[in-house]
>>> print(open('coords-v6.tsv').read())   # TSV, C-alpha atoms
chain	number	residue	atom	x	y	z
A	112	MET	CA	2.78	18.50	20.31
A	113	GLY	CA	2.27	15.40	22.45
A	114	ASP	CA	4.67	12.48	22.60
A	115	LEU	CA	3.27	9.89	20.21
A	116	ASN	CA	5.69	7.13	21.13
A	117	THR	CA	5.03	7.56	24.86
A	118	ASP	CA	1.32	7.16	24.12
A	119	LEU	CA	2.07	4.08	21.99
A	120	ALA	CA	4.16	2.54	24.80
A	121	ASP	CA	1.30	3.13	27.23
A	122	LEU	CA	-1.07	1.47	24.76
A	123	ARG	CA	1.26	-1.53	24.48
A	124	VAL	CA	1.03	-2.04	28.24
A	125	ALA	CA	-2.76	-1.62	28.22
A	126	VAL	CA	-3.20	-4.08	25.34
A	127	ALA	CA	-0.99	-6.68	27.06
A	128	GLU	CA	-3.06	-6.41	30.24
A	129	HIS	CA	-6.31	-7.12	28.38
A	130	LEU	CA	-5.16	-9.93	26.09
A	131	PRO	CA	-6.22	-13.51	26.83
A	132	GLU	CA	-3.57	-15.31	28.88
A	133	GLU	CA	-2.65	-17.68	26.05
A	134	VAL	CA	-2.40	-14.91	23.43
A	135	ALA	CA	-0.19	-12.34	25.19
A	136	PRO	CA	3.10	-14.32	25.05
A	137	VAL	CA	2.51	-15.23	21.39
A	138	LEU	CA	2.14	-11.59	20.35
A	139	LYS	CA	5.02	-10.49	22.59
A	140	ALA	CA	7.37	-13.02	20.98
A	141	ASP	CA	6.22	-12.02	17.50
A	142	ARG	CA	6.81	-8.31	18.16
A	143	GLU	CA	10.26	-8.92	19.63
A	144	LYS	CA	11.39	-10.50	16.35
A	145	PHE	CA	11.04	-7.08	14.72
A	146	VAL	CA	12.62	-4.88	17.41
A	147	GLY	CA	15.83	-3.37	16.02
A	148	LEU	CA	15.29	-4.83	12.54
A	149	VAL	CA	16.63	-2.76	9.65
A	150	VAL	CA	14.65	-3.08	6.41
A	151	GLU	CA	17.47	-3.19	3.86
A	152	ALA	CA	15.07	-3.66	0.94
A	153	ALA	CA	13.27	-0.37	1.57
A	154	VAL	CA	13.51	2.30	-1.11
A	155	LYS	CA	15.98	5.11	-0.43
A	156	PRO	CA	15.50	8.89	-0.60
A	157	GLY	CA	15.98	10.15	-4.15
A	158	ALA	CA	13.98	7.34	-5.74
A	159	ALA	CA	10.78	8.07	-7.61
A	160	MET	CA	7.50	7.24	-5.88
A	161	PRO	CA	5.84	4.46	-7.95
A	162	ASP	CA	3.22	6.08	-10.15
A	163	LEU	CA	0.20	4.08	-8.99
A	164	THR	CA	-3.41	4.97	-8.26
A	165	LEU	CA	-5.14	3.38	-5.28
A	166	PRO	CA	-8.85	3.34	-4.32
A	167	ASP	CA	-10.17	5.30	-1.36
A	168	ALA	CA	-13.00	4.07	0.87
A	169	SER	CA	-15.59	5.02	-1.77
A	170	GLY	CA	-13.66	3.38	-4.62
A	171	GLU	CA	-12.36	6.58	-6.18
A	172	ARG	CA	-8.78	6.10	-7.37
A	173	ILE	CA	-6.14	8.53	-6.10
A	174	ARG	CA	-2.65	9.02	-7.57
A	175	VAL	CA	-0.23	8.47	-4.69
A	176	ALA	CA	2.82	10.08	-6.34
A	177	ASP	CA	0.97	13.38	-6.73
A	178	GLY	CA	3.09	15.41	-4.29
A	179	PRO	CA	4.03	17.20	-2.28
A	180	ALA	CA	2.60	14.65	0.13
A	181	VAL	CA	3.17	12.72	3.33
A	182	VAL	CA	2.29	9.06	2.76
A	183	VAL	CA	1.67	6.93	5.86
A	184	PHE	CA	1.59	3.13	5.56
A	185	TYR	CA	-0.28	1.34	8.34
A	186	ARG	CA	-1.27	-2.29	8.96
A	187	GLY	CA	-5.04	-1.89	9.02
A	188	ALA	CA	-7.98	-0.37	10.85
A	189	TRP	CA	-7.90	-3.43	13.15
A	190	CYS	CA	-4.53	-2.33	14.60
A	191	PRO	CA	-4.93	-0.13	17.72
A	192	TYR	CA	-1.41	1.28	17.35
A	193	CYS	CA	-2.22	2.36	13.79
A	194	ASN	CA	-5.42	4.06	14.88
A	195	LEU	CA	-3.64	5.95	17.66
A	196	ALA	CA	-0.91	7.09	15.26
A	197	LEU	CA	-3.32	8.17	12.51
A	198	ARG	CA	-5.35	10.24	14.94
A	199	ALA	CA	-2.19	11.83	16.32
A	200	TYR	CA	-1.13	12.73	12.78
A	201	GLN	CA	-4.56	14.23	12.13
A	202	GLN	CA	-4.43	16.34	15.28
A	203	GLU	CA	-0.77	17.37	15.30
A	204	LEU	CA	0.31	17.20	11.66
A	205	LEU	CA	-2.64	17.78	9.35
A	206	PRO	CA	-3.22	21.49	10.16
A	207	GLU	CA	0.49	22.23	9.63
A	208	LEU	CA	0.56	20.32	6.35
A	209	GLU	CA	-2.54	22.09	5.07
A	210	ASN	CA	-0.88	25.44	5.78
A	211	LEU	CA	2.12	24.30	3.75
A	212	GLY	CA	0.02	22.95	0.85
A	213	VAL	CA	1.09	19.34	1.49
A	214	LYS	CA	-1.32	16.38	1.36
A	215	LEU	CA	-1.59	13.67	4.02
A	216	VAL	CA	-2.42	10.20	2.71
A	217	ALA	CA	-2.76	6.92	4.65
A	218	VAL	CA	-2.34	3.53	2.94
A	219	SER	CA	-3.06	-0.04	4.10
A	220	PRO	CA	-3.72	-3.38	2.35
A	221	GLN	CA	-7.30	-3.53	3.67
A	222	LEU	CA	-10.08	-3.65	1.11
A	223	PRO	CA	-11.74	-0.26	0.47
A	224	ASP	CA	-14.85	-1.03	2.53
A	225	GLY	CA	-12.62	-2.16	5.39
A	226	SER	CA	-11.09	1.30	5.53
A	227	LEU	CA	-14.47	2.81	6.37
A	228	SER	CA	-13.78	2.26	10.07
A	229	THR	CA	-11.30	5.12	9.72
A	230	ASN	CA	-13.92	7.38	8.13
A	231	ASP	CA	-13.64	9.96	10.90
A	232	LEU	CA	-10.26	10.88	9.48
A	233	GLU	CA	-10.07	14.10	7.48
A	234	PHE	CA	-7.51	12.92	4.94
A	235	ALA	CA	-7.42	10.28	2.19
A	236	VAL	CA	-7.31	6.65	3.33
A	237	LEU	CA	-6.31	4.37	0.44
A	238	SER	CA	-6.30	0.60	-0.13
A	239	ASP	CA	-3.11	-1.00	-1.42
A	240	VAL	CA	-4.84	-4.25	-2.33
A	241	ASP	CA	-2.32	-7.11	-2.71
A	242	ASN	CA	0.36	-4.73	-1.38
A	243	GLU	CA	1.38	-3.65	-4.88
A	244	LEU	CA	2.70	-0.26	-3.76
A	245	GLY	CA	4.16	-1.47	-0.46
A	246	ARG	CA	6.03	-4.27	-2.22
A	247	ALA	CA	7.39	-1.85	-4.84
A	248	LEU	CA	8.73	0.28	-1.97
A	249	GLY	CA	10.33	-2.75	-0.28
A	250	ILE	CA	8.43	-2.30	2.98
A	251	THR	CA	6.27	-5.44	3.20
A	252	PHE	CA	6.77	-8.75	4.96
A	253	ARG	CA	4.92	-12.05	5.20
A	254	GLN	CA	3.50	-12.80	8.62
A	255	ASP	CA	4.22	-16.22	10.13
A	256	PRO	CA	1.29	-18.47	9.05
A	257	GLU	CA	1.31	-20.10	12.49
A	258	LEU	CA	0.17	-16.77	13.96
A	259	LYS	CA	-2.88	-16.49	11.72
A	260	PRO	CA	-5.28	-18.34	14.08
A	261	THR	CA	-4.24	-15.99	16.91
A	262	PHE	CA	-4.88	-12.88	14.81
A	263	ASP	CA	-8.09	-14.32	13.37
A	264	ALA	CA	-9.38	-14.83	16.91
A	265	LEU	CA	-8.52	-11.24	17.85
A	266	ILE	CA	-9.52	-9.25	14.76
A	267	GLY	CA	-11.49	-11.51	12.42
A	268	ASP	CA	-10.52	-13.27	9.20
A	269	VAL	CA	-7.37	-11.59	7.90
A	270	GLU	CA	-7.94	-12.93	4.37
A	271	LYS	CA	-11.39	-11.32	4.22
A	272	LEU	CA	-10.07	-8.03	5.60
A	273	ASN	CA	-7.29	-7.83	3.02
A	274	GLY	CA	-8.93	-9.72	0.17
A	275	ALA	CA	-5.80	-11.83	-0.33
A	276	ALA	CA	-4.81	-15.34	0.71
A	277	GLU	CA	-1.21	-14.32	1.36
A	278	TRP	CA	-0.92	-12.68	4.76
A	279	GLU	CA	1.41	-9.87	3.77
A	280	LEU	CA	1.58	-6.58	5.65
A	281	PRO	CA	3.52	-3.33	5.30
A	282	TYR	CA	5.85	-2.20	8.02
A	283	PRO	CA	4.49	1.07	9.45
A	284	THR	CA	6.25	3.62	7.26
A	285	VAL	CA	6.19	7.34	6.56
A	286	LEU	CA	7.37	8.82	3.26
A	287	VAL	CA	7.65	12.46	2.24
A	288	VAL	CA	7.21	12.95	-1.52
A	289	ASP	CA	8.09	16.22	-3.22
A	290	GLY	CA	6.20	18.01	-5.99
A	291	GLU	CA	8.10	16.05	-8.65
A	292	GLY	CA	7.07	12.69	-7.20
A	293	VAL	CA	10.51	12.01	-5.70
A	294	ILE	CA	10.82	10.41	-2.24
A	295	ARG	CA	12.80	12.78	-0.02
A	296	TYR	CA	12.33	11.04	3.33
A	297	ILE	CA	11.43	7.53	4.47
A	298	ASP	CA	11.16	6.11	7.98
A	299	VAL	CA	10.32	2.40	8.41
A	300	HIS	CA	9.21	0.88	11.74
A	301	PRO	CA	9.37	-2.94	11.85
A	302	ASP	CA	8.29	-2.73	15.51
A	303	TYR	CA	4.64	-1.87	14.91
A	304	THR	CA	4.25	-0.37	18.40
A	305	THR	CA	6.52	2.55	17.48
A	306	ARG	CA	5.91	5.23	14.84
A	307	THR	CA	7.49	8.27	13.21
A	308	ASP	CA	7.20	11.34	15.43
A	309	PRO	CA	5.05	14.14	13.95
A	310	ALA	CA	7.86	16.66	14.57
A	311	ASP	CA	10.26	14.56	12.46
A	312	ILE	CA	7.73	14.39	9.63
A	313	LEU	CA	7.19	18.13	9.74
A	314	ALA	CA	10.94	18.78	9.67
A	315	ALA	CA	11.28	16.58	6.57
A	316	VAL	CA	8.43	18.44	4.88
A	317	LYS	CA	9.93	21.82	5.64
A	318	ALA	CA	13.23	20.63	4.15
A	319	LEU	CA	11.60	20.10	0.72
>>> encode(input="coords-v6.tsv", output="C-alpha cells")
Amino acid sequence: MGDLNTDLADLRVAVAEHLPEEVAPVLKADREKFVGLVVEAAVKPGAAMPDLTLPDASGERIRVADGPAVVVFYRGAWCPYCNLALRAYQQELLPELENLGVKLVAVSPQLPDGSLSTNDLEFAVLSDVDNELGRALGITFRQDPELKPTFDALIGDVEKLNGAAEWELPYPTVLVVDGEGVIRYIDVHPDYTTRTDPADILAAVKAL
C-alpha cells in the first residue's frame, strides 16, 4: 500500500503553490484552526448507526446502516484532498473489502447530481442532503461565513452545490459498521488535509 497521508501532504504543498496570492493565507489560517482539534460530539464505538437511507447519484436510496460496511464521509467532489483519498481507498481498500464481503460507501452533503463528478468510483457515493446523517453522528461543523466568498471563487456557489443555505460540512470521517448496524470504529479528521490510513481501516474491519 502507498502512504496516503504523504500524498495528501504533497498535495497540500502543490495546492498552496497554485492558489491566488490573496487566497492562500486565508485558507492556511482556516485549516490551522482545525489542526489538533478533538471532536468531542462525535459518536463513539458501540453506538448504533442511524437507520437512514440516502440517495446515490441516480437518486436511488441506499440504507447506510446495512453492514458490514466502511462509511467514508468527505466534504464534496470539489475538494482535491477528498478526491485523492477516495481514489486511494478504491485502489488500496476496495479489493480487500470485497474479498471480506464488506461494502464501501462514501457520503457527502452534495446534491445527488453533484456527486456525478465522482462517477468513476466503483462504490456507492451517497448524498447526505442537509447533513442529516452527519449531524446525527456529531461530525459536522459550520464554516465561517466570512470564508464563503473565497470558497465560492474557488469552487463555485457552495449553496447550489449542497442545496442548503447553511454552509455546514462534515469532518472527513471513516466509520466501520458491523453486520448488526453497530459502529465498531470511528476516526474523525478535523484537518481536512489528513485522512484515515487504508491499513488502519482494514485492521478495524478484520477486527469485526
>>> residues_near_point(input="coords-v6.tsv", point="(-0.7, 5.7, 0.2)", cutoff="9 Å", atoms="all atoms listed in the file", output="list in words")
Thr164, Leu165, Ile173, Arg174, Val175, Ala176, Val181, Val182, Val183, Phe184, Leu215, Val216, Ala217, Val218, Ser219, Ala235, Val236, Leu237, Ser238, Asp239, Leu244 and Gly245 of chain A
>>> atom_distance(input="coords-v6.tsv", atom1="atom CA of Leu195 of chain A", atom2="atom CA of Arg306 of chain A")
10.0 Å
>>> atom_distance(input="coords-v6.tsv", atom1="atom CA of Gly170 of chain A", atom2="atom CA of Pro220 of chain A")
13.9 Å
>>> closest_residue(input="coords-v6.tsv", among="A:Val213, A:Leu204, A:Val285, A:Ala153", to="Ala310 of chain A", atoms="all atoms listed in the file")
A:Leu204
>>> residues_around(input="coords-v6.tsv", residues="Leu119 of chain A", least_positions_apart="2", cutoff="8 Å", atoms="only C-alpha atoms", output="compact mmCIF listing (two decimals) with C-alpha atoms, in the frame of the given file")
# COMPACT_ATOMS: atom_id res chain seq x y z
CA LEU A 115 3.27 9.89 20.21
CA ASN A 116 5.69 7.13 21.13
CA THR A 117 5.03 7.56 24.86
CA ASP A 121 1.30 3.13 27.23
CA LEU A 122 -1.07 1.47 24.76
CA ARG A 123 1.26 -1.53 24.48
CA TYR A 192 -1.41 1.28 17.35
CA LEU A 195 -3.64 5.95 17.66
CA ALA A 196 -0.91 7.09 15.26
CA THR A 304 4.25 -0.37 18.40
CA THR A 305 6.52 2.55 17.48
>>> residues_around(input="coords-v6.tsv", residues="segment 132-136 of chain A", least_positions_apart="5", cutoff="12 Å", atoms="all atoms listed in the file", output="count of residues only")
16
